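Trainee: First, the structure itself, so that you have it in front of you.
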Amino acid sequence: MRSTNGGALRHVLTHLLTPLLMCVGMGLAYLGAFAHPEPHRLPVAVVGSGTGTQVLAQTIGDKAGDRLAVRTVADREEAVRQLKDQKIFGAYVPGKRSPELLTASAGSDTTAVAVQKVFQPVAARQGAPLKVTDVVPPAEGDPTGQGIFFLLVALSIGSYASVAVIGGAGAVLPMRLRIVLAGAMSLVVSVIGAAFAGPVFHLVDQGLPGLWAMAWVYCAGVLLVGTGLHTFLKRWTTLGVMVLFVMLNFTSAGGVYRPELQNGFFAALHSFWNGAGFLEGVRSLVYFDHAGLGGHVWTLALWLLAGVVAVGAAWATEARRARPAAPVAPAAAADAAEEEMEEAVGV
């Protein structure tokens with residue numbers, strides 16, 4: 001009995017390593033990404049063409065140091081255009097009586113707030129209240145602009161949790177059937193996401209078909225990458241997909257802080273990670289007149305291609321491993337699958 005208990009205890013302790021690694025990974029990722037947000041070369045503009053405008057822009061830039069990248073634009077119309085192209089994230093229009101700050105909070109509410117904190121003291125030194133004009137506000141159903149990020153979270157959970165089921169309970173199925181299941185689940189999850197974004201919560205007022213298409217490509221990429229990795233990682237697949245699609249994904253997506261407010265590591269991930277591709281792609285489609293949309297779609301497509309490569313490599317590896325073997329008792333196979341899926345619940 002003592003020997004049996006000792007073996008069971010070692011088994012439990014071995015499996016407790018996974019949640020401990022999740023705890024460490026989540027702490028490092030989330031605190032590393034969100035604990036100390038501050039601007040890094042945040043692009044802003046001062047509107048005007050005279051010497052006074054140049055001096056004001058130079059003064060703001062000198063005081064801000066590396067936190068801001070200050071430029072001048074000729075007029076208000078050009079400032080609005082650059083805001084809609086996301087070349088700048090705030091534009092200050094000087095005025096003796098009513099200085100104005102132009103922002104585009106649909107791109108990031110936290111960035112808009114950071115820009116206001118920069119220019120409020122400038123207006124205060126002029127002895128005038130600062131008028132803030134949001135030239136690209138979010139939809140009424142998503143007043144903070146955070147809804148699309150939480151939609152990304154829902155899509156991700158539906159996708160990588162499905163990986164645990166397909167890889168665990170579906171491990172006895174041929175790879176081609178697992179690929180079909182992954183494709184079907186990506187479609188179902190993306191349809192649920194589109195329903196949340198549209199008729200359920202009204203997160204977007206337009207572009208819902210495009211949002212759904214990007215959601216499908218995103219979910220398919222996650223599911224195919226995870227399904228392929230399962231062949232190689234086995235019970236460590238849950239931890240692997242959490243690293244890829246939670247720890248590094250949510251923190252670099254730009255939903256809480258844009259890369260201009262993050263450190264270099266997460267800012268770099270934002271340029272090619274799939275969550276950022278979906279989030280910025282939806283923002284571009286819905287709010288910013290498709291500015292940069294092609295690049296974000298390519299990001300999603302490349303992750304989908306990575307998923308195709310992953311399942312292709314897994315298929316080839318399983319074919320090489322296939323050998324005549326003694327049949328596995330159904331009860332033992334079921335226990336192994338259940339154990340693996342129980343680990344996934346820790347997500």
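Here, A, B, ... name the chains of the structure tokens in the order displayed, residue numbers run from 1 inside each chain, and ligands are numbered from 1 in the same displayed order.
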Running DSSP on the backbone, which parts of region 129-248 of chain A land in alpha helix (DSSP H), as a PyMOL selection string?
Mentor: chain A and resi 147-168+175-195+208-233+237-242
Trainee: Take the residues from that selection and write them out as a CSV table (one decimal), in the first residue's frame, keeping C-alpha atoms.
Mentor:
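Once written, out27.csv looks like this:
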```
chain,number,residue,atom,x,y,z
A,147,GLY,CA,-14.2,44.8,-26.6
A,148,ILE,CA,-12.3,43.6,-29.6
A,149,PHE,CA,-9.4,42.5,-27.3
A,150,PHE,CA,-11.8,40.5,-25.1
A,151,LEU,CA,-13.3,39.0,-28.3
A,152,LEU,CA,-9.7,37.9,-29.2
A,153,VAL,CA,-9.5,36.3,-25.7
A,154,ALA,CA,-12.7,34.3,-26.3
A,155,LEU,CA,-11.6,33.2,-29.8
A,156,SER,CA,-8.3,32.0,-28.4
A,157,ILE,CA,-9.7,30.1,-25.5
A,158,GLY,CA,-12.2,28.3,-27.7
A,159,SER,CA,-9.4,27.4,-30.1
A,160,TYR,CA,-6.6,26.2,-27.9
A,161,ALA,CA,-9.0,24.4,-25.5
A,162,SER,CA,-10.2,22.5,-28.6
A,163,VAL,CA,-6.6,21.5,-29.2
A,164,ALA,CA,-6.6,19.6,-25.9
A,165,VAL,CA,-9.7,17.7,-26.8
A,166,ILE,CA,-8.6,16.9,-30.4
A,167,GLY,CA,-5.1,15.9,-29.3
A,168,GLY,CA,-6.3,14.0,-26.2
A,175,MET,CA,-4.4,12.9,-38.6
A,176,ARG,CA,-6.6,13.7,-41.6
A,177,LEU,CA,-9.7,13.4,-39.3
A,178,ARG,CA,-8.0,15.6,-36.7
A,179,ILE,CA,-7.3,18.2,-39.3
A,180,VAL,CA,-11.0,18.1,-40.4
A,181,LEU,CA,-12.0,18.5,-36.7
A,182,ALA,CA,-9.7,21.4,-36.3
A,183,GLY,CA,-11.0,23.2,-39.4
A,184,ALA,CA,-14.6,22.6,-38.3
A,185,MET,CA,-14.0,23.9,-34.8
A,186,SER,CA,-12.2,27.0,-36.1
A,187,LEU,CA,-15.4,27.7,-38.2
A,188,VAL,CA,-17.7,27.2,-35.2
A,189,VAL,CA,-15.6,29.3,-32.9
A,190,SER,CA,-15.3,32.1,-35.4
A,191,VAL,CA,-19.0,32.1,-36.0
A,192,ILE,CA,-19.6,32.4,-32.2
A,193,GLY,CA,-17.1,35.3,-32.1
A,194,ALA,CA,-18.8,37.1,-35.0
A,195,ALA,CA,-22.1,36.7,-33.2
A,208,LEU,CA,-18.7,42.2,-39.6
A,209,PRO,CA,-18.1,39.8,-42.5
A,210,GLY,CA,-14.5,40.8,-42.6
A,211,LEU,CA,-14.1,40.4,-38.9
A,212,TRP,CA,-15.6,36.9,-39.1
A,213,ALA,CA,-13.2,36.0,-42.0
A,214,MET,CA,-10.2,37.2,-40.0
A,215,ALA,CA,-11.5,35.3,-36.9
A,216,TRP,CA,-11.8,32.1,-38.9
A,217,VAL,CA,-8.2,32.4,-40.2
A,218,TYR,CA,-7.0,33.3,-36.7
A,219,CYS,CA,-8.8,30.3,-35.1
A,220,ALA,CA,-7.7,27.9,-37.8
A,221,GLY,CA,-4.1,29.0,-37.3
A,222,VAL,CA,-4.2,28.4,-33.6
A,223,LEU,CA,-6.0,25.0,-33.9
A,224,LEU,CA,-3.7,23.7,-36.7
A,225,VAL,CA,-0.5,24.8,-34.9
A,226,GLY,CA,-1.7,23.2,-31.7
A,227,THR,CA,-2.9,20.0,-33.3
A,228,GLY,CA,0.5,19.6,-35.1
A,229,LEU,CA,2.5,20.4,-31.9
A,230,HIS,CA,0.6,17.7,-30.0
A,231,THR,CA,2.3,14.9,-31.9
A,232,PHE,CA,5.6,16.2,-30.6
A,233,LEU,CA,4.8,17.7,-27.2
A,237,THR,CA,0.9,20.7,-25.5
A,238,THR,CA,-1.3,22.6,-23.0
A,239,LEU,CA,1.7,24.5,-21.7
A,240,GLY,CA,3.0,25.0,-25.2
A,241,VAL,CA,-0.1,26.5,-26.6
A,242,MET,CA,-0.5,28.7,-23.5
```
Trainee: Got a sec: who's within 6 Å of region 269-278 of chain A, counting only C-alpha atoms, leaving out chain neighbours fewer than 4 positions off, as a short mmCIF file (atom, residue, chain, number, x, y, z; two decimals) with N, CA and C atoms, in the first residue's frame?
Mentor:
```
data_model
loop_
_atom_site.label_atom_id
_atom_site.label_comp_id
_atom_site.auth_asym_id
_atom_site.auth_seq_id
_atom_site.Cartn_x
_atom_site.Cartn_y
_atom_site.Cartn_z
N ASN A 249 0.83 36.08 -26.61
CA ASN A 249 -0.18 36.56 -27.55
C ASN A 249 -0.99 37.73 -26.99
N SER A 252 1.07 40.95 -26.25
CA SER A 252 1.63 41.71 -27.37
C SER A 252 0.58 42.17 -28.37
N ALA A 253 -0.69 41.84 -28.13
CA ALA A 253 -1.73 42.11 -29.12
C ALA A 253 -2.03 43.60 -29.27
N HIS A 296 -1.73 43.14 -41.88
CA HIS A 296 -2.31 42.35 -40.78
C HIS A 296 -2.90 41.04 -41.30
N THR A 299 -0.14 38.65 -41.84
CA THR A 299 0.30 38.05 -40.57
C THR A 299 -0.56 36.84 -40.22
N LEU A 300 -1.88 36.99 -40.31
CA LEU A 300 -2.78 35.87 -40.02
C LEU A 300 -2.57 34.73 -41.00
#
```
Trainee: For Thr110 (chain A), work out the shell of residues within 9 Å, counting only C-alpha atoms and skipping chain neighbours fewer than 3 positions away, then give it as an NGL selection string.
Mentor: :A and (105 or 113-115 or 256-258 or 261)
Trainee: Please produce a file of the residues just selected, as a PDB file, in the first residue's frame, where the atoms kept are all heavy atoms.
Mentor:
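Done, and the output landed in again-v1.pdb:
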```pdb
ATOM      1  N   SER A 105      -9.230  57.391 -30.274  1.00  0.00           N
ATOM      2  CA  SER A 105      -9.278  56.405 -29.194  1.00  0.00           C
ATOM      3  C   SER A 105      -9.672  55.018 -29.657  1.00  0.00           C
ATOM      4  O   SER A 105      -9.449  54.040 -28.936  1.00  0.00           O
ATOM      5  CB  SER A 105     -10.244  56.873 -28.091  1.00  0.00           C
ATOM      6  OG  SER A 105     -11.577  56.916 -28.573  1.00  0.00           O
ATOM      7  N   VAL A 113      -5.280  58.361 -23.666  1.00  0.00           N
ATOM      8  CA  VAL A 113      -5.132  58.925 -22.315  1.00  0.00           C
ATOM      9  C   VAL A 113      -3.692  59.378 -22.086  1.00  0.00           C
ATOM     10  O   VAL A 113      -3.436  60.452 -21.519  1.00  0.00           O
ATOM     11  CB  VAL A 113      -5.549  57.892 -21.254  1.00  0.00           C
ATOM     12  CG1 VAL A 113      -5.182  58.380 -19.852  1.00  0.00           C
ATOM     13  CG2 VAL A 113      -7.046  57.620 -21.335  1.00  0.00           C
ATOM     14  N   ALA A 114      -2.723  58.583 -22.548  1.00  0.00           N
ATOM     15  CA  ALA A 114      -1.312  58.947 -22.389  1.00  0.00           C
ATOM     16  C   ALA A 114      -0.999  60.242 -23.130  1.00  0.00           C
ATOM     17  O   ALA A 114      -0.253  61.102 -22.627  1.00  0.00           O
ATOM     18  CB  ALA A 114      -0.427  57.817 -22.899  1.00  0.00           C
ATOM     19  N   VAL A 115      -1.572  60.412 -24.318  1.00  0.00           N
ATOM     20  CA  VAL A 115      -1.346  61.629 -25.095  1.00  0.00           C
ATOM     21  C   VAL A 115      -1.946  62.837 -24.372  1.00  0.00           C
ATOM     22  O   VAL A 115      -1.352  63.924 -24.337  1.00  0.00           O
ATOM     23  CB  VAL A 115      -1.937  61.475 -26.508  1.00  0.00           C
ATOM     24  CG1 VAL A 115      -1.910  62.810 -27.248  1.00  0.00           C
ATOM     25  CG2 VAL A 115      -1.164  60.424 -27.295  1.00  0.00           C
ATOM     26  N   VAL A 256      -4.515  46.016 -24.496  1.00  0.00           N
ATOM     27  CA  VAL A 256      -4.418  46.781 -23.249  1.00  0.00           C
ATOM     28  C   VAL A 256      -3.528  47.995 -23.467  1.00  0.00           C
ATOM     29  O   VAL A 256      -3.919  49.138 -23.202  1.00  0.00           O
ATOM     30  CB  VAL A 256      -3.875  45.897 -22.108  1.00  0.00           C
ATOM     31  CG1 VAL A 256      -3.741  46.712 -20.826  1.00  0.00           C
ATOM     32  CG2 VAL A 256      -4.780  44.695 -21.890  1.00  0.00           C
ATOM     33  N   TYR A 257      -2.301  47.773 -23.942  1.00  0.00           N
ATOM     34  CA  TYR A 257      -1.383  48.862 -24.289  1.00  0.00           C
ATOM     35  C   TYR A 257      -0.816  48.606 -25.676  1.00  0.00           C
ATOM     36  O   TYR A 257      -0.414  47.479 -25.994  1.00  0.00           O
ATOM     37  CB  TYR A 257      -0.221  48.944 -23.285  1.00  0.00           C
ATOM     38  CG  TYR A 257      -0.644  49.238 -21.875  1.00  0.00           C
ATOM     39  CD1 TYR A 257      -0.495  48.278 -20.875  1.00  0.00           C
ATOM     40  CD2 TYR A 257      -1.192  50.471 -21.531  1.00  0.00           C
ATOM     41  CE1 TYR A 257      -0.892  48.532 -19.568  1.00  0.00           C
ATOM     42  CE2 TYR A 257      -1.588  50.736 -20.230  1.00  0.00           C
ATOM     43  CZ  TYR A 257      -1.428  49.767 -19.258  1.00  0.00           C
ATOM     44  OH  TYR A 257      -1.826  50.027 -17.971  1.00  0.00           O
ATOM     45  N   ARG A 258      -0.783  49.631 -26.485  1.00  0.00           N
ATOM     46  CA  ARG A 258      -0.141  49.528 -27.782  1.00  0.00           C
ATOM     47  C   ARG A 258       1.370  49.366 -27.593  1.00  0.00           C
ATOM     48  O   ARG A 258       1.908  49.674 -26.529  1.00  0.00           O
ATOM     49  CB  ARG A 258      -0.438  50.770 -28.628  1.00  0.00           C
ATOM     50  CG  ARG A 258      -1.832  50.805 -29.248  1.00  0.00           C
ATOM     51  CD  ARG A 258      -1.910  51.925 -30.278  1.00  0.00           C
ATOM     52  NE  ARG A 258      -0.851  51.797 -31.262  1.00  0.00           N
ATOM     53  CZ  ARG A 258      -0.907  51.001 -32.327  1.00  0.00           C
ATOM     54  NH1 ARG A 258      -1.987  50.271 -32.543  1.00  0.00           N
ATOM     55  NH2 ARG A 258       0.098  50.932 -33.168  1.00  0.00           N
ATOM     56  N   LEU A 261       3.675  51.853 -25.847  1.00  0.00           N
ATOM     57  CA  LEU A 261       3.674  51.990 -24.390  1.00  0.00           C
ATOM     58  C   LEU A 261       4.299  50.783 -23.703  1.00  0.00           C
ATOM     59  O   LEU A 261       4.225  50.661 -22.478  1.00  0.00           O
ATOM     60  CB  LEU A 261       2.239  52.179 -23.875  1.00  0.00           C
ATOM     61  CG  LEU A 261       1.482  53.421 -24.347  1.00  0.00           C
ATOM     62  CD1 LEU A 261       0.110  53.478 -23.698  1.00  0.00           C
ATOM     63  CD2 LEU A 261       2.258  54.692 -24.034  1.00  0.00           C
TER      64      LEU A 261
END
```
Trainee: Would you please give, as a list in words, all residues of region 58-271 of chain A that DSSP assigns to strand (DSSP E or B) based on the backbone?
Mentor: Leu68, Ala69, Val70, Arg71, Thr72, Val73, Ala91, Tyr92, Val93, Glu100, Leu101, Leu102, Thr103, Lys131, Val132, Thr133 and Asp134 of chain A
Trainee: Compile the contact shell of Lys84 (chain A) as a PDB file with N, CA and C atoms, in the first residue's frame: residues with an atom at most 8 Å away, counting only C-alpha atoms, same-chain residues fewer than 2 positions apart removed.
Mentor:
```
ATOM      1  N   VAL A  80      -5.605  65.127 -38.955  1.00  0.00           N
ATOM      2  CA  VAL A  80      -6.671  64.118 -38.924  1.00  0.00           C
ATOM      3  C   VAL A  80      -6.330  62.956 -39.848  1.00  0.00           C
ATOM      4  N   ARG A  81      -5.794  63.277 -41.026  1.00  0.00           N
ATOM      5  CA  ARG A  81      -5.438  62.210 -41.968  1.00  0.00           C
ATOM      6  C   ARG A  81      -4.377  61.285 -41.366  1.00  0.00           C
ATOM      7  N   GLN A  82      -3.363  61.861 -40.737  1.00  0.00           N
ATOM      8  CA  GLN A  82      -2.309  61.034 -40.152  1.00  0.00           C
ATOM      9  C   GLN A  82      -2.811  60.235 -38.952  1.00  0.00           C
ATOM     10  N   GLN A  86      -2.909  56.170 -38.625  1.00  0.00           N
ATOM     11  CA  GLN A  86      -2.157  55.724 -37.443  1.00  0.00           C
ATOM     12  C   GLN A  86      -0.652  55.985 -37.577  1.00  0.00           C
ATOM     13  N   LYS A  87      -0.337  57.096 -38.235  1.00  0.00           N
ATOM     14  CA  LYS A  87       1.050  57.538 -38.278  1.00  0.00           C
ATOM     15  C   LYS A  87       1.391  58.353 -37.041  1.00  0.00           C
ATOM     16  N   ALA A 104      -7.440  59.554 -31.460  1.00  0.00           N
ATOM     17  CA  ALA A 104      -8.206  58.505 -32.152  1.00  0.00           C
ATOM     18  C   ALA A 104      -8.294  57.319 -31.207  1.00  0.00           C
ATOM     19  N   VAL A 136     -11.639  59.556 -34.172  1.00  0.00           N
ATOM     20  CA  VAL A 136     -12.009  58.173 -34.511  1.00  0.00           C
ATOM     21  C   VAL A 136     -12.462  57.483 -33.223  1.00  0.00           C
ATOM     22  N   PHE A 288     -10.279  52.521 -39.356  1.00  0.00           N
ATOM     23  CA  PHE A 288      -9.202  53.315 -39.946  1.00  0.00           C
ATOM     24  C   PHE A 288      -9.090  53.177 -41.461  1.00  0.00           C
ATOM     25  N   ASP A 289     -10.238  53.005 -42.111  1.00  0.00           N
ATOM     26  CA  ASP A 289     -10.293  53.029 -43.586  1.00  0.00           C
ATOM     27  C   ASP A 289      -9.300  52.066 -44.234  1.00  0.00           C
ATOM     28  N   ALA A 291      -6.374  51.162 -43.418  1.00  0.00           N
ATOM     29  CA  ALA A 291      -4.954  51.517 -43.366  1.00  0.00           C
ATOM     30  C   ALA A 291      -4.152  50.364 -42.753  1.00  0.00           C
TER      31      ALA A 291
END
```
Trainee: If you measure from CA of Pro94 (chain A) to CA of Gln126 (chain A), what distance in Å do you get, rounded to one decimal?
Mentor: 9.2 Å
Trainee: My list of candidates is A:Arg283, A:Lys234, A:Lys96, A:His11. Which is closest to Gly254 (chain A) when distances are computed with only C-alpha atoms?
Mentor: A:Arg283
Trainee: What is the distance between CA of Asp62 (chain A) and CA of Pro39 (chain A), in Å to one decimal?
Mentor: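 CA of Pro39 (chain A) lies at a distance of 14.5 Å from CA of Asp62 (chain A).
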Trainee: Extract, using only C-alpha atoms, all DNA, RNA and protein residues at most 8 Å from region 284-287 of chain A, discarding same-chain residues fewer than 5 positions from it, and format them as a list in words.
Mentor: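 Neighbouring residues, sequence-local ones excluded: Ala106, Gly107, Val136, Pro138, Val204, Asp205, Gln206, Gly207, Gly210, Leu211, Gly292 and Leu293 of chain A.
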Trainee: CA of Leu16 (chain A) and CA of Met247 (chain A) are how many Å apart?
Mentor: 19.0 Å
Trainee: Using only C-alpha atoms, which residue out of A:Arg97, A:Ala169, A:Leu203, A:Ala64 lies closest to Phe119 (chain A)?
Mentor: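 Of A:Arg97, A:Ala169, A:Leu203, A:Ala64, the one nearest Phe119 (chain A) is A:Ala64, counting only C-alpha atoms.
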